[in-house]
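The next block is entry.txt, given as compact mmCIF, C-alpha atoms and all ligand atoms.
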# COMPACT_ATOMS: atom_id res chain seq x y z
CA MET R 281 46.30 141.08 3.33
CA TYR R 282 42.67 141.16 2.24
CA LYS R 283 40.91 138.76 -0.13
CA SER R 284 38.68 139.72 -3.04
CA ARG R 285 35.55 138.04 -4.35
CA ILE R 286 33.08 138.54 -7.16
CA LYS R 287 30.08 140.06 -5.44
CA GLY R 288 27.93 140.84 -8.48
CA ILE R 289 27.94 139.88 -12.14
CA GLY R 290 26.00 141.28 -15.10
CA HIS R 291 25.86 141.37 -18.89
CA TYR R 292 24.26 142.93 -21.91
CA VAL R 293 24.00 141.64 -25.44
CA PRO R 294 22.56 143.62 -28.37
CA GLU R 295 19.10 142.61 -29.55
CA ARG R 296 20.16 142.17 -33.22
CA VAL R 297 20.55 138.43 -33.89
CA ILE R 298 22.81 137.53 -36.81
CA THR R 299 22.29 133.98 -38.03
CA ASN R 300 24.64 131.94 -40.18
CA GLU R 301 21.97 132.04 -42.86
CA TYR R 302 22.08 135.84 -42.84
CA LEU R 303 25.90 135.83 -43.07
CA SER R 304 25.70 133.60 -46.13
CA THR R 305 23.70 136.34 -47.86
CA ILE R 306 26.44 138.96 -47.32
CA MET R 307 29.61 136.87 -47.73
CA ASP R 308 30.72 133.62 -49.31
CA THR R 309 30.02 131.22 -46.46
CA ASN R 310 27.43 128.70 -45.31
CA ASN R 311 25.84 127.34 -42.14
CA ASP R 312 27.49 123.91 -42.33
CA TRP R 313 31.04 125.36 -42.61
CA ILE R 314 30.52 127.73 -39.70
CA VAL R 315 28.88 125.19 -37.38
CA GLU R 316 31.41 122.47 -38.13
CA ARG R 317 34.48 124.73 -37.70
CA THR R 318 33.33 127.00 -34.87
CA GLY R 319 30.14 125.64 -33.27
CA ILE R 320 28.47 129.03 -33.77
CA HIS R 321 24.83 129.13 -34.91
CA GLU R 322 24.13 132.80 -34.30
CA ARG R 323 25.71 135.85 -32.71
CA ARG R 324 24.72 139.40 -31.72
CA TRP R 325 25.78 142.53 -33.58
CA PHE R 326 25.24 145.99 -32.13
CA VAL R 327 22.34 148.19 -33.17
CA PRO R 328 23.86 151.34 -34.74
CA GLY R 329 22.50 154.47 -33.13
CA LYS R 330 21.59 152.56 -29.97
CA ASP R 331 24.49 150.44 -28.73
CA THR R 332 28.02 151.64 -28.04
CA VAL R 333 30.76 149.96 -26.02
CA THR R 334 29.98 152.51 -23.31
CA SER R 335 26.21 151.99 -23.35
CA MET R 336 26.51 148.21 -23.34
CA SER R 337 29.06 148.24 -20.53
CA LYS R 338 26.85 150.62 -18.55
CA ALA R 339 23.94 148.17 -18.80
CA ALA R 340 26.18 145.26 -17.75
CA ALA R 341 27.71 147.29 -14.91
CA GLU R 342 24.31 148.35 -13.56
CA MET R 343 23.19 144.73 -13.47
CA ALA R 344 26.39 143.67 -11.70
CA ILE R 345 26.14 146.50 -9.14
CA GLN R 346 22.47 145.77 -8.48
CA ARG R 347 23.25 142.07 -7.94
CA SER R 348 26.14 142.97 -5.62
CA GLY R 349 23.75 144.80 -3.29
CA LEU R 350 26.05 147.83 -3.32
CA ASP R 351 25.22 151.40 -4.15
CA THR R 352 26.89 152.66 -7.34
CA LYS R 353 28.67 155.32 -5.25
CA GLU R 354 30.52 152.55 -3.38
CA ILE R 355 32.50 151.62 -6.54
CA ASP R 356 35.95 153.09 -6.06
CA PHE R 357 37.83 152.05 -9.23
CA ILE R 358 37.18 150.78 -12.76
CA VAL R 359 39.27 148.36 -14.82
CA PHE R 360 37.95 148.15 -18.38
CA ALA R 361 39.10 145.48 -20.86
CA THR R 362 38.42 146.16 -24.52
CA ILE R 363 40.16 146.26 -27.89
CA THR R 364 37.28 148.14 -29.51
CA ALA R 365 36.90 151.27 -27.38
CA ASP R 366 34.42 153.90 -28.53
CA TYR R 367 37.26 156.39 -28.99
CA PHE R 368 40.87 155.92 -30.09
CA LEU R 369 41.48 158.01 -26.97
CA PRO R 370 40.63 158.43 -24.14
CA GLY R 371 40.03 154.88 -22.96
CA ASN R 372 36.61 153.37 -22.34
CA GLY R 373 37.02 153.30 -18.55
CA VAL R 374 36.60 157.04 -18.27
CA LEU R 375 33.54 157.01 -20.55
CA LEU R 376 31.86 154.42 -18.37
CA GLN R 377 32.91 156.29 -15.24
CA ARG R 378 31.19 159.42 -16.55
CA GLU R 379 28.02 157.51 -17.46
CA LEU R 380 27.81 156.00 -13.98
CA GLY R 381 28.24 159.43 -12.36
CA LEU R 382 31.45 158.30 -10.65
CA ASN R 383 33.54 161.30 -11.72
CA GLY R 384 36.79 161.41 -9.78
CA ILE R 385 37.48 157.71 -9.23
CA GLY R 386 40.33 156.10 -11.18
CA ALA R 387 39.69 154.25 -14.44
CA LEU R 388 42.12 152.03 -16.30
CA ASP R 389 41.89 150.41 -19.76
CA ILE R 390 43.37 147.00 -20.59
CA ARG R 391 44.07 146.01 -24.23
CA ASN R 392 44.78 142.30 -23.91
CA ALA R 393 42.08 141.08 -26.26
CA CYS R 394 40.57 137.71 -25.33
CA SER R 395 42.64 137.48 -22.13
CA GLY R 396 41.67 141.05 -21.20
CA PHE R 397 39.01 140.23 -18.65
CA ILE R 398 41.27 137.91 -16.62
CA TYR R 399 44.11 140.45 -16.78
CA ALA R 400 41.64 143.10 -15.55
CA LEU R 401 40.39 140.81 -12.78
CA SER R 402 43.95 140.10 -11.70
CA ILE R 403 44.78 143.81 -11.43
CA ALA R 404 41.62 144.50 -9.46
CA ASP R 405 42.41 141.56 -7.18
CA GLN R 406 45.84 143.03 -6.36
CA TYR R 407 44.36 146.45 -5.52
CA ILE R 408 41.83 144.88 -3.19
CA LYS R 409 44.41 142.60 -1.56
CA THR R 410 46.59 145.59 -0.67
CA GLY R 411 43.63 147.49 0.71
CA MET R 412 43.93 150.28 -1.84
CA TYR R 413 40.33 149.82 -3.05
CA LYS R 414 37.26 148.00 -1.74
CA ASN R 415 34.83 147.64 -4.65
CA ILE R 416 36.14 147.58 -8.21
CA LEU R 417 34.10 147.37 -11.38
CA VAL R 418 35.80 144.97 -13.79
CA VAL R 419 34.45 145.16 -17.32
CA GLY R 420 34.90 143.39 -20.65
CA ALA R 421 33.03 144.88 -23.63
CA GLU R 422 33.42 144.87 -27.40
CA ILE R 423 31.84 145.99 -30.64
CA GLN R 424 33.67 144.07 -33.35
CA SER R 425 31.02 143.70 -36.02
CA SER R 426 31.64 147.19 -37.44
CA ALA R 427 35.21 146.26 -38.43
CA LEU R 428 34.90 142.75 -39.81
CA ASP R 429 36.45 141.92 -43.18
CA LYS R 430 33.66 140.18 -45.05
CA SER R 431 35.79 139.41 -48.11
CA ASP R 432 37.19 135.91 -48.83
CA GLU R 433 40.37 136.83 -46.98
CA GLY R 434 38.57 137.76 -43.77
CA ARG R 435 35.55 135.47 -43.72
CA SER R 436 37.09 132.84 -41.42
CA SER R 437 37.22 135.45 -38.64
CA ALA R 438 34.17 137.48 -39.74
CA VAL R 439 31.89 134.55 -38.87
CA ILE R 440 33.41 134.21 -35.37
CA PHE R 441 33.58 137.67 -33.78
CA ALA R 442 30.60 139.41 -32.20
CA ASP R 443 29.46 142.14 -29.81
CA GLY R 444 28.48 142.26 -26.13
CA ALA R 445 29.45 143.36 -22.64
CA GLY R 446 29.94 141.82 -19.22
CA ALA R 447 30.87 143.28 -15.84
CA ALA R 448 31.79 142.07 -12.37
CA VAL R 449 31.91 143.86 -9.05
CA LEU R 450 35.04 142.65 -7.28
CA SER R 451 34.84 143.45 -3.58
CA ARG R 452 36.83 142.91 -0.42
CA ALA R 453 35.71 139.44 0.73
CA GLU R 454 34.02 138.99 4.06
CA GLU R 455 35.93 137.13 6.80
CA GLY R 456 36.20 133.43 5.98
CA HIS R 457 35.37 133.73 2.26
CA GLN R 458 38.35 132.66 0.16
CA GLY R 459 37.35 134.53 -3.00
CA ILE R 460 40.02 134.69 -5.70
CA LEU R 461 42.66 132.08 -4.91
CA SER R 462 45.10 133.04 -7.64
CA THR R 463 45.46 134.50 -11.12
CA HIS R 464 48.07 133.56 -13.72
CA LEU R 465 49.06 135.86 -16.59
CA HIS R 466 51.23 135.08 -19.60
CA ALA R 467 52.22 136.57 -22.93
CA ASP R 468 54.47 135.73 -25.86
CA GLY R 469 54.88 138.64 -28.26
CA ALA R 470 56.76 136.42 -30.71
CA HIS R 471 53.30 135.56 -32.06
CA ALA R 472 51.86 139.08 -32.20
CA GLU R 473 51.15 138.95 -35.92
CA GLU R 474 49.20 135.67 -35.79
CA LEU R 475 46.13 137.63 -34.64
CA TYR R 476 46.33 141.40 -35.03
CA CYS R 477 45.10 144.62 -36.53
CA ILE R 478 47.59 147.29 -37.67
CA GLY R 479 45.39 150.32 -38.10
CA PRO R 480 45.11 152.99 -36.96
CA SER R 481 48.87 152.83 -36.37
CA SER R 482 50.97 155.69 -35.02
CA SER R 483 54.02 154.20 -36.75
CA LYS R 484 52.73 155.51 -40.09
CA GLU R 485 53.71 158.96 -41.24
CA VAL R 486 49.99 159.58 -41.65
CA ARG R 487 47.93 157.63 -39.15
CA ILE R 488 44.84 157.42 -41.30
CA SER R 489 44.23 157.96 -45.00
CA PRO R 490 41.90 156.59 -47.68
CA GLU R 491 44.83 154.52 -49.02
CA LEU R 492 45.44 152.87 -45.64
CA ILE R 493 41.78 152.06 -45.27
CA GLU R 494 41.71 150.69 -48.81
CA SER R 495 44.74 148.48 -48.01
CA GLY R 496 42.73 146.61 -45.38
CA GLU R 497 44.99 147.59 -42.46
CA PHE R 498 41.98 148.40 -40.34
CA PHE R 499 40.74 144.81 -40.49
CA LEU R 500 41.74 142.13 -38.02
CA LYS R 501 43.99 139.43 -39.49
CA MET R 502 44.05 135.93 -38.06
CA ASN R 503 46.12 132.85 -38.79
CA GLY R 504 43.38 130.51 -37.59
CA ASN R 505 45.55 127.43 -37.71
CA ALA R 506 48.31 128.91 -35.54
CA VAL R 507 45.76 130.29 -33.08
CA PHE R 508 44.12 126.90 -32.77
CA LYS R 509 47.39 125.01 -32.20
CA HIS R 510 48.69 127.39 -29.54
CA ALA R 511 45.31 127.86 -27.85
CA VAL R 512 44.74 124.19 -27.08
CA VAL R 513 48.20 123.88 -25.48
CA ARG R 514 48.14 127.15 -23.52
CA PHE R 515 44.57 126.73 -22.23
CA ALA R 516 45.43 123.32 -20.79
CA GLU R 517 48.73 124.57 -19.30
CA VAL R 518 47.30 127.63 -17.61
CA ILE R 519 44.37 125.74 -16.09
CA GLN R 520 46.78 123.17 -14.69
CA GLU R 521 49.00 125.98 -13.38
CA ALA R 522 46.07 127.42 -11.43
CA LEU R 523 45.16 124.02 -9.99
CA ASP R 524 48.77 123.22 -9.01
CA ALA R 525 49.26 126.64 -7.39
CA ASN R 526 46.39 125.90 -5.04
CA GLY R 527 46.88 122.17 -4.50
CA LYS R 528 43.56 121.43 -6.23
CA SER R 529 42.64 118.63 -8.60
CA LYS R 530 40.59 119.06 -11.77
CA GLU R 531 37.86 116.95 -10.17
CA GLU R 532 37.35 119.71 -7.60
CA ILE R 533 36.36 122.27 -10.26
CA ASP R 534 32.64 123.00 -10.03
CA LEU R 535 32.53 125.17 -13.16
CA LEU R 536 35.07 125.90 -15.87
CA VAL R 537 34.34 129.05 -17.85
CA PRO R 538 36.70 129.16 -20.81
CA HIS R 539 36.99 132.20 -23.06
CA GLN R 540 34.55 131.49 -25.89
CA ALA R 541 37.06 131.43 -28.75
CA ASN R 542 35.66 128.54 -30.70
CA LEU R 543 33.56 125.57 -29.56
CA ARG R 544 36.13 123.13 -30.94
CA ILE R 545 38.79 124.64 -28.67
CA SER R 546 36.47 124.47 -25.61
CA ASN R 547 35.54 120.88 -26.40
CA TYR R 548 39.18 119.92 -26.79
CA ILE R 549 40.08 121.34 -23.37
CA GLN R 550 37.05 119.73 -21.75
CA GLN R 551 38.06 116.38 -23.19
CA LYS R 552 41.68 116.82 -22.13
CA LEU R 553 40.62 117.59 -18.55
CA GLY R 554 37.96 114.87 -18.60
CA LEU R 555 35.27 117.21 -17.32
CA PRO R 556 31.58 116.34 -17.75
CA ASP R 557 29.36 118.70 -19.82
CA GLU R 558 27.68 120.20 -16.74
CA LYS R 559 31.05 121.48 -15.45
CA VAL R 560 31.92 123.54 -18.54
CA TYR R 561 29.92 126.62 -19.52
CA ASN R 562 29.71 127.44 -23.23
CA ASN R 563 27.47 129.96 -24.97
CA ILE R 564 29.42 130.60 -28.17
CA GLN R 565 26.71 128.71 -30.06
CA ARG R 566 24.31 131.65 -29.40
CA LEU R 567 26.63 134.61 -28.88
CA GLY R 568 29.79 134.05 -30.95
CA ASN R 569 33.19 135.24 -29.76
CA THR R 570 32.93 138.60 -27.97
CA THR R 571 36.66 138.73 -27.08
CA ALA R 572 37.11 140.43 -23.65
CA ALA R 573 33.39 140.10 -22.92
CA THR R 574 32.96 136.32 -23.25
CA ILE R 575 33.94 135.35 -19.71
CA PRO R 576 31.84 137.88 -17.75
CA ILE R 577 28.85 137.28 -20.08
CA ALA R 578 29.17 133.52 -19.54
CA LEU R 579 29.54 133.95 -15.77
CA SER R 580 26.48 136.18 -15.68
CA GLU R 581 24.40 133.67 -17.64
CA ALA R 582 25.62 130.81 -15.45
CA PHE R 583 24.65 132.83 -12.37
CA GLU R 584 21.14 133.46 -13.80
CA LYS R 585 20.73 129.74 -14.47
CA GLY R 586 21.60 128.91 -10.86
CA LEU R 587 24.81 127.14 -11.88
CA LEU R 588 26.95 129.11 -9.42
CA LYS R 589 26.48 128.42 -5.73
CA GLU R 590 28.16 130.23 -2.85
CA GLY R 591 31.61 128.69 -2.34
CA ASP R 592 31.76 126.84 -5.69
CA LEU R 593 35.25 126.43 -7.16
CA VAL R 594 35.29 128.26 -10.49
CA CYS R 595 38.11 128.24 -13.03
CA LEU R 596 38.38 130.95 -15.69
CA ALA R 597 40.80 130.54 -18.58
CA ALA R 598 41.58 132.51 -21.72
CA PHE R 599 43.86 132.66 -24.73
CA GLY R 600 44.08 135.34 -27.37
CA SER R 601 45.91 137.93 -29.40
CA GLY R 602 49.47 138.67 -28.27
CA PHE R 603 49.60 135.79 -27.80
CA THR R 604 48.36 136.23 -24.25
CA TRP R 605 46.86 133.59 -21.99
CA ALA R 606 45.60 133.63 -18.42
CA SER R 607 43.61 131.83 -15.75
CA ALA R 608 41.94 132.51 -12.44
CA LEU R 609 40.82 130.09 -9.75
CA LEU R 610 38.22 131.43 -7.36
CA HIS R 611 35.50 130.57 -4.91
CA TRP R 612 32.10 131.99 -5.91
N1 LIG Z 701 32.92 130.02 -44.97
C1 LIG Z 701 33.22 129.09 -45.91
N2 LIG Z 701 34.45 128.73 -46.21
C2 LIG Z 701 35.45 129.32 -45.56
C3 LIG Z 701 35.23 130.30 -44.59
C4 LIG Z 701 33.89 130.65 -44.30
N3 LIG Z 701 33.56 131.56 -43.36
N4 LIG Z 701 36.41 130.71 -44.10
C5 LIG Z 701 37.36 130.02 -44.75
N5 LIG Z 701 36.78 129.18 -45.65
C6 LIG Z 701 37.44 128.23 -46.53
C7 LIG Z 701 38.84 128.65 -46.90
O1 LIG Z 701 38.85 129.53 -47.99
C8 LIG Z 701 39.47 127.31 -47.22
O2 LIG Z 701 39.09 126.92 -48.51
P1 LIG Z 701 40.11 126.07 -49.46
O3 LIG Z 701 40.34 124.77 -48.73
O4 LIG Z 701 39.33 125.92 -50.71
O5 LIG Z 701 41.34 126.90 -49.58
C9 LIG Z 701 38.82 126.35 -46.26
O6 LIG Z 701 37.59 126.98 -45.83
C10 LIG Z 701 39.67 126.04 -45.05
O7 LIG Z 701 40.21 127.29 -44.56
P2 LIG Z 701 41.08 127.38 -43.30
O8 LIG Z 701 41.40 128.80 -43.03
O9 LIG Z 701 42.20 126.39 -43.43
O10 LIG Z 701 40.00 126.92 -42.27
P3 LIG Z 701 40.20 126.09 -40.96
O11 LIG Z 701 39.72 124.73 -41.16
O12 LIG Z 701 41.56 126.31 -40.38
O13 LIG Z 701 39.16 126.83 -40.05
C11 LIG Z 701 39.12 128.45 -38.30
C12 LIG Z 701 39.30 128.21 -39.80
C13 LIG Z 701 37.68 128.13 -37.91
C14 LIG Z 701 39.40 129.91 -38.02
C15 LIG Z 701 40.10 127.52 -37.58
O14 LIG Z 701 41.41 127.73 -38.02
C16 LIG Z 701 40.04 127.69 -36.13
O15 LIG Z 701 39.16 127.21 -35.49
N6 LIG Z 701 41.05 128.43 -35.59
C17 LIG Z 701 41.07 128.84 -34.25
C18 LIG Z 701 40.96 130.29 -34.28
C19 LIG Z 701 39.87 130.79 -33.40
O16 LIG Z 701 39.11 130.11 -32.80
N7 LIG Z 701 39.84 132.06 -33.34
C20 LIG Z 701 38.90 132.63 -32.49
C21 LIG Z 701 39.28 133.95 -32.19
S1 LIG Z 701 40.83 134.06 -31.45
C22 LIG Z 701 40.53 133.83 -29.89
O17 LIG Z 701 39.49 134.13 -29.37
C23 LIG Z 701 41.59 133.24 -29.15

Take the structure in this file and express it as structure tokens.
Ligand code: ACO
Amino acid sequence: MYKSRIKGIGHYVPERVITNEYLSTIMDTNNDWIVERTGIHERRWFVPGKDTVTSMSKAAAEMAIQRSGLDTKEIDFIVFATITADYFLPGNGVLLQRELGLNGIGALDIRNACSGFIYALSIADQYIKTGMYKNILVVGAEIQSSALDKSDEGRSSAVIFADGAGAAVLSRAEEGHQGILSTHLHADGAHAEELYCIGPSSSKEVRISPELIESGEFFLKMNGNAVFKHAVVRFAEVIQEALDANGKSKEEIDLLVPHQANLRISNYIQQKLGLPDEKVYNNIQRLGNTTAATIPIALSEAFEKGLLKEGDLVCLAAFGSGFTWASALLHW
């Protein structure tokens, strides 16, 4: 059995900065409410005509491949996590594959929202462990700003979600490197409607019509309170599960990278684990919640800042729509 490790990490965020002050000019909100409830000061929204999920993921992937020291042609599979693909079909994996000139290799899309990147990483890890593939591109990318409900009903989520892309090259680890120690995946569909978007739905006689658009079915709906309550419990559980599975203590974690759902959730988990500030990486204050992209973007930033050293013990954890939740414990 082989081991896998993250060999390169990259990200891309759109250049358009959306401040809380700007949001308060287009919807009924204000800076104090947003900062107090979410910790977000600004976020990035895509530049129409320039950024797409494919273009952003290509930029992130190129950075990750360059940092891995590999040639693009050495990538032999793509796992792409997104809930906002450029097309309803086909998936975004094939669009990225085409852009990278990797025609012929397999490409798989994952639709597990905020847990999507860890699910994608887990799948890639299994393929590498079995020897089926050697270098897999694992991507999380989203454009959410084009489908935010800016009315009173939607404003509590409209101020949170944002756009961006991150990518990792997961490769067969060299002898002696422990790489990914374990991944842990969970879901509970009983809570599907606490955070969801119906449209476009194939269960309708007509999948899309002006009436369905008018009804708001194409907007995400979130029961913020329920999400918060479940998130704080599941995050803590799944981090502990990863530690227990590997006989590690929380004190041994060098860096915790939680999905950037909401700064209050991250702070709660940090407090519960008793981790000092320098062991938890947050960037939601500047980038908002980019769903499947938050973890690879955060890892890439942490790498650029020199916060990840060879061999460091890194814990990734996520919670999101489904509900789904997941963690990964790995050596950098
Ligand atoms: N600006 C100003 N006021 C607002 C806004 C806004 N953007 N949104 C809601 N309000 C108002 C409401 O209308 C309500 O007013 P009322 O008291 O007069 O009725 C008041 O603020 C409180 O509304 P709640 O919905 O109860 O707000 P709450 O305090 O629960 O905060 C929030 C909402 C931030 C979403 C919170 O529930 C939360 O943090 N939930 C966690 C969900 C989360 O983090 N989701 C992230 C994405 S999911 C994921 O990544 C896992």

Take atom CA of R:Ala598 and atom CA of R:Ser337 and report the distance between them in Å, one decimal. 20.1 Å

Skip stretch 302-315 of chain R itself and residues of its chain fewer than 3 positions away, then list as a ChimeraX atom specification all residues within 8 Å of it, counting all atoms listed in the file. /R:298-299,318-321,430-432,435,439

Can you list, as a PyMOL selection string, every protein, DNA or RNA residue that comes within 8 Å of R:Glu322 when you count all atoms listed in the file, leaving out same-chain residues fewer than 4 positions away? chain R and resi 297-300+565-568

Calculated over all atoms listed in the file, which of the candidates R:Val449, R:Cys595, R:Ile403, R:Val512 has the smallest distance to R:Tyr548? R:Val512

Enumerate residues in contact with ligand LIG 701 (chain Z): an atom-to-atom distance of at most 8 Å, counting all atoms listed in the file. Format the result as a PyMOL selection string. chain R and resi 307-310+313-314+317-318+394+432-441+475+502-509+511+539-545+569+571+598-601
